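So this one's run-v6.csv, CSV, C-alpha atoms:
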chain,number,residue,atom,x,y,z
T,1,MET,CA,95.4,72.4,124.1
T,2,THR,CA,98.8,70.8,124.9
T,3,VAL,CA,100.0,69.0,121.8
T,4,ALA,CA,103.7,68.8,120.9
T,5,SER,CA,104.6,70.6,117.7
T,6,PRO,CA,104.3,68.1,114.9
T,7,ASP,CA,107.1,67.6,112.4
T,8,PRO,CA,107.8,70.5,110.0
T,9,ALA,CA,107.2,68.5,106.9
T,10,ALA,CA,103.7,67.7,108.1
T,11,GLN,CA,103.1,71.3,109.0
T,12,GLN,CA,104.2,72.4,105.6
T,13,ARG,CA,101.7,69.9,104.0
T,14,LEU,CA,99.0,71.3,106.2
T,15,ARG,CA,99.9,74.9,105.2
T,16,ALA,CA,99.6,73.9,101.5
T,17,LEU,CA,96.2,72.2,102.1
T,18,LEU,CA,94.9,75.2,104.1
T,19,GLU,CA,95.7,77.6,101.3
T,20,ARG,CA,93.2,75.7,99.2
T,21,GLY,CA,90.5,76.1,101.8
T,22,LEU,CA,88.7,74.1,104.5
T,23,PRO,CA,86.8,71.1,103.1
T,24,LEU,CA,83.0,71.5,103.2
T,25,THR,CA,82.3,68.5,105.3
T,26,SER,CA,81.2,68.0,108.9
T,27,ARG,CA,84.7,67.3,110.3
T,28,PRO,CA,86.9,69.4,108.0
T,29,TRP,CA,90.0,69.3,110.4
T,30,ARG,CA,89.9,65.5,110.5
T,31,ARG,CA,89.8,65.4,106.7
T,32,LEU,CA,92.8,67.7,106.5
T,33,ALA,CA,94.5,65.6,109.2
T,34,GLU,CA,94.1,62.4,107.1
T,35,GLN,CA,95.6,64.2,104.1
T,36,CYS,CA,98.7,65.6,105.8
T,37,GLY,CA,99.4,62.7,108.3
T,38,LEU,CA,98.6,64.5,111.5
T,39,SER,CA,95.8,64.0,114.1
T,40,GLU,CA,92.7,66.1,114.1
T,41,ALA,CA,93.9,67.7,117.4
T,42,GLU,CA,97.3,68.5,116.0
T,43,VAL,CA,95.8,70.2,113.0
T,44,MET,CA,93.5,72.3,115.2
T,45,ALA,CA,96.4,73.1,117.5
T,46,CYS,CA,98.6,74.2,114.6
T,47,VAL,CA,95.8,76.5,113.3
T,48,GLU,CA,95.2,78.0,116.7
T,49,ARG,CA,98.9,78.6,117.2
T,50,TRP,CA,99.3,80.2,113.7
T,51,ARG,CA,96.3,82.4,114.4
T,52,ALA,CA,97.7,83.5,117.8
T,53,GLU,CA,101.1,84.2,116.2
T,54,GLY,CA,99.5,86.3,113.4
T,55,LEU,CA,100.6,84.0,110.5
T,56,ILE,CA,96.9,83.5,110.0
T,57,LYS,CA,95.2,86.9,110.1
T,58,ARG,CA,91.7,85.8,109.4
T,59,LEU,CA,89.8,82.5,109.6
T,60,GLY,CA,86.5,82.6,107.8
T,61,LEU,CA,84.6,82.9,104.5
T,62,VAL,CA,86.6,84.4,101.7
T,63,VAL,CA,84.1,86.0,99.4
T,64,ARG,CA,84.5,87.1,95.8
T,65,HIS,CA,83.0,90.5,95.4
T,66,ARG,CA,82.2,90.7,91.7
T,67,PRO,CA,79.5,88.0,91.7
T,68,LEU,CA,77.8,90.0,94.5
T,69,GLY,CA,77.7,93.1,92.4
T,70,ILE,CA,80.6,94.9,94.0
T,71,ALA,CA,81.9,95.7,90.5
T,72,ALA,CA,83.9,98.8,91.1
T,73,ASN,CA,87.3,98.3,92.8
T,74,ALA,CA,89.6,101.2,92.9
T,75,MET,CA,93.2,101.2,93.8
T,76,VAL,CA,94.0,104.8,94.9
T,77,VAL,CA,97.6,105.7,94.9
T,78,TRP,CA,99.1,108.8,96.7
T,79,ASP,CA,102.3,110.7,96.4
T,80,VAL,CA,102.8,111.6,100.1
T,81,PRO,CA,105.9,113.4,101.5
T,82,GLU,CA,107.9,110.7,103.5
T,83,ALA,CA,107.5,112.6,106.8
T,84,GLU,CA,103.7,112.4,106.5
T,85,VAL,CA,103.2,109.0,105.0
T,86,GLY,CA,102.7,107.1,108.3
T,87,ALA,CA,100.1,109.6,109.6
T,88,VAL,CA,98.2,109.8,106.3
T,89,GLY,CA,98.2,106.0,106.0
T,90,ARG,CA,96.8,105.6,109.5
T,91,ARG,CA,94.1,108.1,108.8
T,92,LEU,CA,93.1,106.5,105.5
T,93,ALA,CA,93.1,103.1,107.1
T,94,ALA,CA,90.6,104.4,109.7
T,95,GLU,CA,88.1,105.4,107.0
T,96,PRO,CA,85.4,102.7,106.8
T,97,ALA,CA,85.4,102.7,103.0
T,98,VAL,CA,89.1,101.9,102.8
T,99,THR,CA,89.6,98.1,102.8
T,100,LEU,CA,93.4,98.0,102.5
T,101,CYS,CA,96.1,100.5,103.0
T,102,TYR,CA,99.8,99.9,102.4
T,103,ARG,CA,103.0,101.9,102.1
T,104,ARG,CA,105.2,100.9,99.1
T,105,PRO,CA,108.4,102.3,97.6
T,106,ARG,CA,108.4,104.9,94.9
T,107,ARG,CA,110.1,103.9,91.6
T,108,LEU,CA,111.2,107.1,90.2
T,109,PRO,CA,110.9,108.4,87.6
T,110,ASP,CA,108.2,106.0,86.5
T,111,TRP,CA,106.2,105.7,89.7
T,112,PRO,CA,106.0,108.5,92.2
T,113,TYR,CA,103.3,107.0,94.5
T,114,ASN,CA,104.2,105.6,97.9
T,115,LEU,CA,100.8,105.0,99.6
T,116,PHE,CA,98.1,102.6,98.2
T,117,CYS,CA,94.6,102.0,99.4
T,118,MET,CA,91.6,100.1,98.0
T,119,ILE,CA,88.0,101.3,97.9
T,120,HIS,CA,85.2,98.9,96.8
T,121,GLY,CA,81.7,99.7,95.7
T,122,SER,CA,78.9,98.7,93.5
T,123,ARG,CA,79.6,101.4,90.9
T,124,ARG,CA,82.4,103.8,90.0
T,125,ALA,CA,80.2,106.7,90.9
T,126,HIS,CA,79.8,105.4,94.5
T,127,VAL,CA,83.5,104.8,94.8
T,128,GLU,CA,84.4,108.3,93.4
T,129,ALA,CA,81.9,109.9,95.8
T,130,ARG,CA,83.5,108.1,98.8
T,131,LEU,CA,86.9,109.1,97.7
T,132,ALA,CA,85.9,112.8,97.4
T,133,GLU,CA,84.4,112.6,100.9
T,134,ILE,CA,87.7,111.1,102.2
T,135,VAL,CA,89.8,113.8,100.5
T,136,ALA,CA,87.7,116.5,102.0
T,137,ARG,CA,87.4,115.0,105.5
T,138,GLN,CA,91.1,114.2,105.8
T,139,ALA,CA,92.2,117.5,104.1
T,140,LEU,CA,94.2,115.6,101.4
T,141,GLU,CA,93.6,118.1,98.6
T,142,ALA,CA,97.3,119.0,98.3
T,143,ILE,CA,98.5,115.4,98.0
T,144,PRO,CA,98.6,114.2,94.4
T,145,HIS,CA,96.7,111.0,93.8
T,146,ARG,CA,95.5,108.8,91.0
T,147,VAL,CA,92.6,106.3,90.8
T,148,LEU,CA,93.0,103.0,89.0
T,149,PHE,CA,89.7,101.3,88.5
T,150,SER,CA,89.8,97.6,87.7
T,151,LEU,CA,88.6,96.8,84.2
T,152,LYS,CA,88.8,93.0,84.4
T,153,ALA,CA,89.8,90.4,87.0
T,154,TYR,CA,92.0,87.8,85.2
T,155,LYS,CA,92.7,86.0,88.5
T,156,GLN,CA,91.5,86.4,92.1
T,157,CYS,CA,92.5,83.7,94.5
T,158,GLY,CA,94.3,83.2,97.8
T,159,GLY,CA,98.0,83.4,98.3
T,160,ARG,CA,100.0,80.3,97.7
T,161,PHE,CA,103.3,80.3,99.6
T,162,THR,CA,104.3,76.7,100.0
T,163,ARG,CA,106.9,75.3,97.7
T,164,GLU,CA,104.9,72.2,96.6
T,165,ASP,CA,102.0,74.3,95.4
T,166,ALA,CA,100.6,74.7,92.0
T,167,SER,CA,99.6,78.3,91.2
T,168,HIS,CA,96.2,77.3,89.8
T,169,ASP,CA,93.0,77.9,91.7
T,170,ARG,CA,90.6,75.0,91.8
T,171,ARG,CA,88.3,77.1,89.6
T,172,ALA,CA,88.7,79.3,86.6
T,173,PRO,CA,88.8,83.0,87.5
T,174,THR,CA,85.5,84.8,87.4
T,175,PRO,CA,84.9,87.1,84.5
T,176,ALA,CA,84.8,90.8,85.2
Z,177,MET,CA,74.8,89.1,89.6
Z,178,VAL,CA,74.1,86.3,92.1
Z,179,ALA,CA,71.0,86.8,94.3
Z,180,LEU,CA,71.5,86.0,97.9
Z,181,ASP,CA,68.7,85.5,100.5
Z,182,ALA,CA,68.7,86.5,104.1
Z,183,LEU,CA,70.4,83.4,105.4
Z,184,ASP,CA,73.2,83.7,102.8
Z,185,ARG,CA,73.8,87.3,104.0
Z,186,ARG,CA,73.8,86.3,107.6
Z,187,LEU,CA,76.3,83.6,107.0
Z,188,ILE,CA,78.6,86.0,105.2
Z,189,ASP,CA,78.2,88.8,107.7
Z,190,ALA,CA,78.8,86.6,110.7
Z,191,PHE,CA,81.7,84.5,109.4
Z,192,GLN,CA,84.1,86.4,107.2
Z,193,ARG,CA,86.2,86.2,110.3
Z,194,ASP,CA,86.1,84.3,113.6
Z,195,LEU,CA,85.1,81.0,112.2
Z,196,PRO,CA,84.6,78.7,115.2
Z,197,LEU,CA,87.8,76.6,115.7
Z,198,CYS,CA,86.2,73.3,116.9
Z,199,GLU,CA,85.8,69.8,115.5
Z,200,ARG,CA,82.5,70.6,113.8
Z,201,PRO,CA,82.8,74.3,112.8
Z,202,TYR,CA,79.8,74.2,110.4
Z,203,ALA,CA,77.6,72.8,113.2
Z,204,ALA,CA,78.8,75.6,115.5
Z,205,MET,CA,78.0,78.2,112.8
Z,206,ALA,CA,74.6,76.5,112.3
Z,207,GLU,CA,73.8,76.7,116.0
Z,208,GLN,CA,74.6,80.4,116.0
Z,209,LEU,CA,72.3,81.0,113.0
Z,210,GLY,CA,69.5,78.8,114.3
Z,211,VAL,CA,69.6,76.4,111.4
Z,212,SER,CA,71.0,72.8,110.8
Z,213,GLU,CA,74.6,71.9,110.0
Z,214,ALA,CA,73.3,70.4,106.7
Z,215,ALA,CA,71.7,73.8,105.8
Z,216,VAL,CA,75.0,75.6,106.4
Z,217,LEU,CA,76.9,73.1,104.3
Z,218,ALA,CA,74.3,73.3,101.5
Z,219,ARG,CA,74.5,77.1,101.5
Z,220,LEU,CA,78.3,77.1,101.4
Z,221,ASN,CA,78.3,74.5,98.6
Z,222,ARG,CA,75.9,76.6,96.6
Z,223,LEU,CA,77.9,79.8,97.2
Z,224,ASP,CA,81.0,78.0,96.1
Z,225,ALA,CA,79.3,76.7,93.0
Z,226,GLU,CA,78.0,80.2,92.1
Z,227,GLY,CA,81.5,81.6,92.5
Z,228,VAL,CA,80.6,83.8,95.5
Z,229,LEU,CA,82.7,81.8,97.9
Z,230,SER,CA,86.3,81.7,97.1
Z,231,ARG,CA,87.0,79.3,99.9
Z,232,VAL,CA,86.5,78.8,103.6
Z,233,GLY,CA,89.7,79.1,105.3
Z,234,PRO,CA,92.6,81.0,106.7
Z,235,VAL,CA,93.9,84.1,105.1
Z,236,PHE,CA,97.7,84.0,105.7
Z,237,ASP,CA,99.6,87.2,106.4
Z,238,HIS,CA,101.7,87.6,103.3
Z,239,ALA,CA,104.5,89.2,105.1
Z,240,ARG,CA,104.8,86.3,107.6
Z,241,ALA,CA,103.7,83.4,105.4
Z,242,GLY,CA,106.3,84.0,102.7
Z,243,ALA,CA,107.4,86.6,100.3
Z,244,SER,CA,105.0,88.6,98.0
Z,245,LEU,CA,104.8,91.8,96.2
Z,246,LEU,CA,102.6,93.9,94.0
Z,247,ALA,CA,103.8,94.1,90.4
Z,248,ALA,CA,102.7,96.0,87.4
Z,249,VAL,CA,103.5,95.9,83.7
Z,250,ALA,CA,102.6,98.2,80.8
Z,251,VAL,CA,101.3,96.5,77.7
Z,252,PRO,CA,99.5,97.9,74.7
Z,253,ASP,CA,95.7,97.2,75.0
Z,254,ALA,CA,95.7,94.9,72.0
Z,255,GLU,CA,98.2,92.6,73.8
Z,256,ARG,CA,96.7,92.8,77.2
Z,257,ASP,CA,94.7,89.6,77.2
Z,258,ALA,CA,97.7,87.6,75.9
Z,259,ALA,CA,100.1,89.2,78.5
Z,260,ALA,CA,97.5,88.5,81.3
Z,261,ALA,CA,97.4,84.8,80.2
Z,262,VAL,CA,101.2,84.6,80.5
Z,263,ILE,CA,101.1,86.2,84.0
Z,264,ASN,CA,98.3,83.9,85.1
Z,265,ALA,CA,100.3,80.9,84.0
Z,266,SER,CA,103.3,82.0,86.0
Z,267,PRO,CA,103.8,80.1,89.3
Z,268,GLY,CA,103.0,82.2,92.3
Z,269,VAL,CA,100.6,84.7,90.8
Z,270,ASN,CA,97.3,85.1,92.6
Z,271,HIS,CA,95.5,88.4,91.9
Z,272,ASN,CA,95.8,89.7,88.4
Z,273,TYR,CA,93.7,92.7,87.3
Z,274,ALA,CA,93.6,95.0,84.3
Z,275,ARG,CA,93.4,98.5,85.7
Z,276,GLU,CA,92.5,101.8,83.9
Z,277,PRO,CA,94.3,104.8,85.3
Z,278,GLN,CA,92.2,107.9,85.8
Z,279,ALA,CA,93.6,111.4,85.5
Z,280,ARG,CA,96.0,112.4,88.2
Z,281,GLU,CA,94.7,114.8,90.7
Z,282,PRO,CA,95.6,117.6,91.1
Z,283,GLN,CA,96.5,117.5,87.4
Z,284,ALA,CA,100.1,117.3,86.4
Z,285,ARG,CA,100.3,116.8,82.6
Z,286,GLU,CA,103.9,115.8,82.4
Z,287,ASP,CA,103.3,112.7,84.5
Z,288,LEU,CA,100.2,111.5,82.6
Z,289,VAL,CA,101.7,109.8,79.7
Z,290,ARG,CA,104.4,107.8,81.5
Z,291,GLU,CA,102.1,106.6,84.3
Z,292,GLN,CA,99.2,105.7,82.0
Z,293,ARG,CA,101.3,102.7,80.9
Z,294,TYR,CA,100.8,100.5,83.9
Z,295,ASN,CA,97.6,98.6,83.1
Z,296,LEU,CA,98.2,95.0,84.4
Z,297,TRP,CA,98.5,94.7,88.1
Z,298,PHE,CA,99.2,91.4,89.9
Z,299,VAL,CA,100.4,89.9,93.2
Z,300,MET,CA,103.3,87.5,93.0
Z,301,THR,CA,103.9,85.2,95.9
Z,302,ALA,CA,106.7,82.8,96.8
Z,303,ALA,CA,108.1,80.8,99.7
Z,304,ASP,CA,110.9,83.3,100.3
Z,305,GLU,CA,112.6,86.3,98.8
Z,306,SER,CA,115.0,84.4,96.5
Z,307,GLN,CA,112.2,82.4,94.9
Z,308,LEU,CA,110.2,85.6,94.6
Z,309,THR,CA,113.0,87.3,92.7
Z,310,ALA,CA,113.5,84.3,90.5
Z,311,ARG,CA,109.8,84.1,89.6
Z,312,LEU,CA,109.7,87.8,88.8
Z,313,ASP,CA,112.9,87.7,86.7
Z,314,ALA,CA,111.5,84.7,84.8
Z,315,LEU,CA,108.2,86.4,84.1
Z,316,GLU,CA,109.9,89.6,83.1
Z,317,ALA,CA,112.0,87.7,80.6
Z,318,GLU,CA,108.9,85.9,79.2
Z,319,LEU,CA,106.9,89.1,78.9
Z,320,GLY,CA,109.9,91.0,77.5
Z,321,ARG,CA,108.8,94.0,79.4
Z,322,PRO,CA,110.1,95.6,82.7
Z,323,LEU,CA,108.0,94.9,85.8
Z,324,LEU,CA,107.3,97.6,88.3
Z,325,ARG,CA,108.1,95.9,91.7
Z,326,LEU,CA,106.3,97.3,94.7
Z,327,PRO,CA,106.9,95.4,97.9
Z,328,MET,CA,104.7,96.3,100.9
Z,329,LEU,CA,106.7,98.3,103.4
Z,330,GLU,CA,104.1,98.9,106.0
Z,331,ALA,CA,100.5,97.8,106.4
Z,332,PHE,CA,98.1,100.3,107.9
Z,333,HIS,CA,95.1,98.1,107.4
Z,334,ILE,CA,95.2,94.3,107.4
Z,335,ASP,CA,91.6,93.2,107.6
Z,336,LEU,CA,90.4,91.7,104.3
Z,337,GLY,CA,86.9,90.8,105.4
Z,338,PHE,CA,85.2,94.1,105.0
Z,339,PRO,CA,81.4,94.3,105.6
Z,340,ILE,CA,79.4,93.7,102.4
Z,341,PRO,CA,77.3,96.9,101.7
Z,342,TRP,CA,74.0,95.1,101.0
Z,343,ALA,CA,72.0,98.3,101.0
Z,344,GLU,CA,74.1,99.9,98.4
Z,345,LEU,CA,73.9,96.8,96.2
Z,346,GLU,CA,70.1,96.8,96.5
Z,347,GLY,CA,70.1,100.2,95.0
Z,348,ALA,CA,72.7,99.6,92.3

For the structure just supplied, provide its representation as structure tokens.
Amino acid sequence: MTVASPDPAAQQRLRALLERGLPLTSRPWRRLAEQCGLSEAEVMACVERWRAEGLIKRLGLVVRHRPLGIAANAMVVWDVPEAEVGAVGRRLAAEPAVTLCYRRPRRLPDWPYNLFCMIHGSRRAHVEARLAEIVARQALEAIPHRVLFSLKAYKQCGGRFTREDASHDRRAPTPA
Amino acid sequence: MVALDALDRRLIDAFQRDLPLCERPYAAMAEQLGVSEAAVLARLNRLDAEGVLSRVGPVFDHARAGASLLAAVAVPDAERDAAAAVINASPGVNHNYAREPQAREPQAREDLVREQRYNLWFVMTAADESQLTARLDALEAELGRPLLRLPMLEAFHIDLGFPIPWAELEGA
């Protein structure tokens, strides 16, 4: 598609609209185009470009897990020697049960953990069993870790990065 | 728990990523699933109403889309709901969870007490770093408690659309 880059203010409006989700209507891009002052083709070209550039990392259904019964969500934090953190992070990320894996800074003395991963499951027992398998398979027994299970979701919605946004989701958060 | 039928599951399994980028995406999805566009829209509306569908749309890369970080604060259990409400009302907050730390493994007693304190975990987002810092500073002042600020330094795994383990849920 060869469409000249539309003006930055209109692109910013489009970004803000997209963070709220695609309208559930037959021609959603046209609806967004009307709201932000672009053409349907320009909107689709922007989204295609943002996807190609990596600004958009996923285009699709964003599902809330708790209503489906995926009630256990564990953040597992690891205290890994700096020289090993990249290798351990890549190995954890390759585990099918691991849904996110990030390196973050330590905040000593309060917080010694520098590697974070998420494991989801229907119940804590499932998540704990998967974690035990991962520790054994990846030989991580010597690396201190802590599991933080979620007790309650006070808010779960997409990121809002545009300046004109309101921080509120269009719906109240789901109870835990 | 919301009960989903086979078509709901196929919709979710097929389109957590790679939504067709065309003028009528729901019609393209419908064609792939062998149903009508109206059926896909009806399903998505119902999943939305039931709270299963957060939204249809792009997931922006936090690191490229703006500034964000994971933050935590330690509050007494009795004040947790009130503090969570303050955090939720703060501009830029998306996820906000109460978390319960389990014992550290292998066990190291001296660390337990200090680390146990962080029980509210949230993601703060902003258009840029300066706005992010301002938002965190304002929230820290409002809460009257120090925030643990943990920016992402490296992503080893960036895909948020993990496969739903339907079989495990059946047995749960």

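For the set T:Ala93, T:Met75, T:Leu140, T:Ile119, the residue with the smallest atom-to-atom gap to Glu276 (chain Z) is T:Met75, counting only C-alpha atoms.
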
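Of the listed residues (Z:Leu187, Z:Leu296, Z:Ala239, Z:Met328), Z:Met328 comes nearest to chain T; the distances count all atoms listed in the file.
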
Identify all chain T residues at most 7 Å from chain Z by counting only C-alpha atoms; ligands do not count. Present them as an mmCIF file with C-alpha atoms, in the coordinates of the input.
data_model
loop_
_atom_site.group_PDB
_atom_site.id
_atom_site.type_symbol
_atom_site.label_atom_id
_atom_site.label_comp_id
_atom_site.auth_asym_id
_atom_site.auth_seq_id
_atom_site.Cartn_x
_atom_site.Cartn_y
_atom_site.Cartn_z
ATOM 1 C CA LEU T 18 94.900 75.200 104.100
ATOM 2 C CA GLY T 21 90.500 76.100 101.800
ATOM 3 C CA LEU T 22 88.700 74.100 104.500
ATOM 4 C CA LEU T 24 83.000 71.500 103.200
ATOM 5 C CA SER T 26 81.200 68.000 108.900
ATOM 6 C CA ARG T 27 84.700 67.300 110.300
ATOM 7 C CA TRP T 29 90.000 69.300 110.400
ATOM 8 C CA LEU T 55 100.600 84.000 110.500
ATOM 9 C CA ILE T 56 96.900 83.500 110.000
ATOM 10 C CA LYS T 57 95.200 86.900 110.100
ATOM 11 C CA ARG T 58 91.700 85.800 109.400
ATOM 12 C CA LEU T 59 89.800 82.500 109.600
ATOM 13 C CA GLY T 60 86.500 82.600 107.800
ATOM 14 C CA LEU T 61 84.600 82.900 104.500
ATOM 15 C CA VAL T 62 86.600 84.400 101.700
ATOM 16 C CA VAL T 63 84.100 86.000 99.400
ATOM 17 C CA ARG T 64 84.500 87.100 95.800
ATOM 18 C CA PRO T 67 79.500 88.000 91.700
ATOM 19 C CA LEU T 68 77.800 90.000 94.500
ATOM 20 C CA GLY T 69 77.700 93.100 92.400
ATOM 21 C CA GLY T 89 98.200 106.000 106.000
ATOM 22 C CA ARG T 90 96.800 105.600 109.500
ATOM 23 C CA ALA T 93 93.100 103.100 107.100
ATOM 24 C CA THR T 99 89.600 98.100 102.800
ATOM 25 C CA LEU T 100 93.400 98.000 102.500
ATOM 26 C CA CYS T 101 96.100 100.500 103.000
ATOM 27 C CA TYR T 102 99.800 99.900 102.400
ATOM 28 C CA ARG T 103 103.000 101.900 102.100
ATOM 29 C CA ARG T 104 105.200 100.900 99.100
ATOM 30 C CA PRO T 105 108.400 102.300 97.600
ATOM 31 C CA ASP T 110 108.200 106.000 86.500
ATOM 32 C CA TRP T 111 106.200 105.700 89.700
ATOM 33 C CA SER T 122 78.900 98.700 93.500
ATOM 34 C CA PRO T 144 98.600 114.200 94.400
ATOM 35 C CA HIS T 145 96.700 111.000 93.800
ATOM 36 C CA ARG T 146 95.500 108.800 91.000
ATOM 37 C CA VAL T 147 92.600 106.300 90.800
ATOM 38 C CA LEU T 148 93.000 103.000 89.000
ATOM 39 C CA PHE T 149 89.700 101.300 88.500
ATOM 40 C CA SER T 150 89.800 97.600 87.700
ATOM 41 C CA LEU T 151 88.600 96.800 84.200
ATOM 42 C CA LYS T 152 88.800 93.000 84.400
ATOM 43 C CA ALA T 153 89.800 90.400 87.000
ATOM 44 C CA TYR T 154 92.000 87.800 85.200
ATOM 45 C CA LYS T 155 92.700 86.000 88.500
ATOM 46 C CA GLN T 156 91.500 86.400 92.100
ATOM 47 C CA CYS T 157 92.500 83.700 94.500
ATOM 48 C CA GLY T 158 94.300 83.200 97.800
ATOM 49 C CA GLY T 159 98.000 83.400 98.300
ATOM 50 C CA ARG T 160 100.000 80.300 97.700
ATOM 51 C CA PHE T 161 103.300 80.300 99.600
ATOM 52 C CA THR T 162 104.300 76.700 100.000
ATOM 53 C CA ARG T 163 106.900 75.300 97.700
ATOM 54 C CA ALA T 166 100.600 74.700 92.000
ATOM 55 C CA SER T 167 99.600 78.300 91.200
#

For Ala132 (chain T), please output as a list of chain:residue names all residues within 12 Å (counting all atoms listed in the file; exclusion window: fewer than 2 positions along the same chain).
-> T:Val76, T:Ala97, T:Ile119, T:Ala125, T:His126, T:Val127, T:Glu128, T:Ala129, T:Arg130, T:Ile134, T:Val135, T:Ala136, T:Arg137, T:Gln138, T:Ala139, T:Leu140, T:Glu141, T:His145, T:Val147, Z:Glu281

Any idea what the distance is between CA of Val43 (chain T) and CA of Leu183 (chain Z)?
-> 29.6 Å

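Between Arg30 (chain T) and the residues T:Arg66, T:Val98, T:Leu14, T:Arg123, the shortest atom-to-atom distance, using all atoms listed in the file, involves T:Leu14.
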
Would you fill the gaps in region 84-97 of chain T so it has N, CA and C atoms, then print it as a CSV table (one decimal), keeping the file's coordinate frame?
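selection_33.csv written:
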chain,number,residue,atom,x,y,z
T,84,GLU,N,105.1,112.4,106.2
T,84,GLU,CA,103.7,112.4,106.5
T,84,GLU,C,103.1,111.1,106.2
T,85,VAL,N,103.8,110.2,105.6
T,85,VAL,CA,103.2,109.0,105.0
T,85,VAL,C,102.5,108.1,106.1
T,86,GLY,N,103.2,108.0,107.2
T,86,GLY,CA,102.7,107.1,108.3
T,86,GLY,C,101.3,107.7,108.8
T,87,ALA,N,101.3,109.0,109.1
T,87,ALA,CA,100.1,109.6,109.6
T,87,ALA,C,99.0,109.5,108.6
T,88,VAL,N,99.3,109.8,107.3
T,88,VAL,CA,98.2,109.8,106.3
T,88,VAL,C,97.7,108.4,106.1
T,89,GLY,N,98.6,107.4,106.1
T,89,GLY,CA,98.2,106.0,106.0
T,89,GLY,C,97.3,105.6,107.1
T,90,ARG,N,97.6,105.9,108.3
T,90,ARG,CA,96.8,105.6,109.5
T,90,ARG,C,95.4,106.2,109.4
T,91,ARG,N,95.4,107.5,108.9
T,91,ARG,CA,94.1,108.1,108.8
T,91,ARG,C,93.2,107.5,107.7
T,92,LEU,N,93.9,107.2,106.6
T,92,LEU,CA,93.1,106.5,105.5
T,92,LEU,C,92.6,105.2,105.9
T,93,ALA,N,93.4,104.4,106.6
T,93,ALA,CA,93.1,103.1,107.1
T,93,ALA,C,91.9,103.1,108.0
T,94,ALA,N,91.7,104.2,108.7
T,94,ALA,CA,90.6,104.4,109.7
T,94,ALA,C,89.3,104.7,109.0
T,95,GLU,N,89.4,105.1,107.7
T,95,GLU,CA,88.1,105.4,107.0
T,95,GLU,C,87.4,104.1,106.7
T,96,PRO,N,86.1,104.0,107.0
T,96,PRO,CA,85.4,102.7,106.8
T,96,PRO,C,85.4,102.2,105.3
T,97,ALA,N,85.4,103.1,104.4
T,97,ALA,CA,85.4,102.7,103.0
T,97,ALA,C,86.7,102.2,102.5
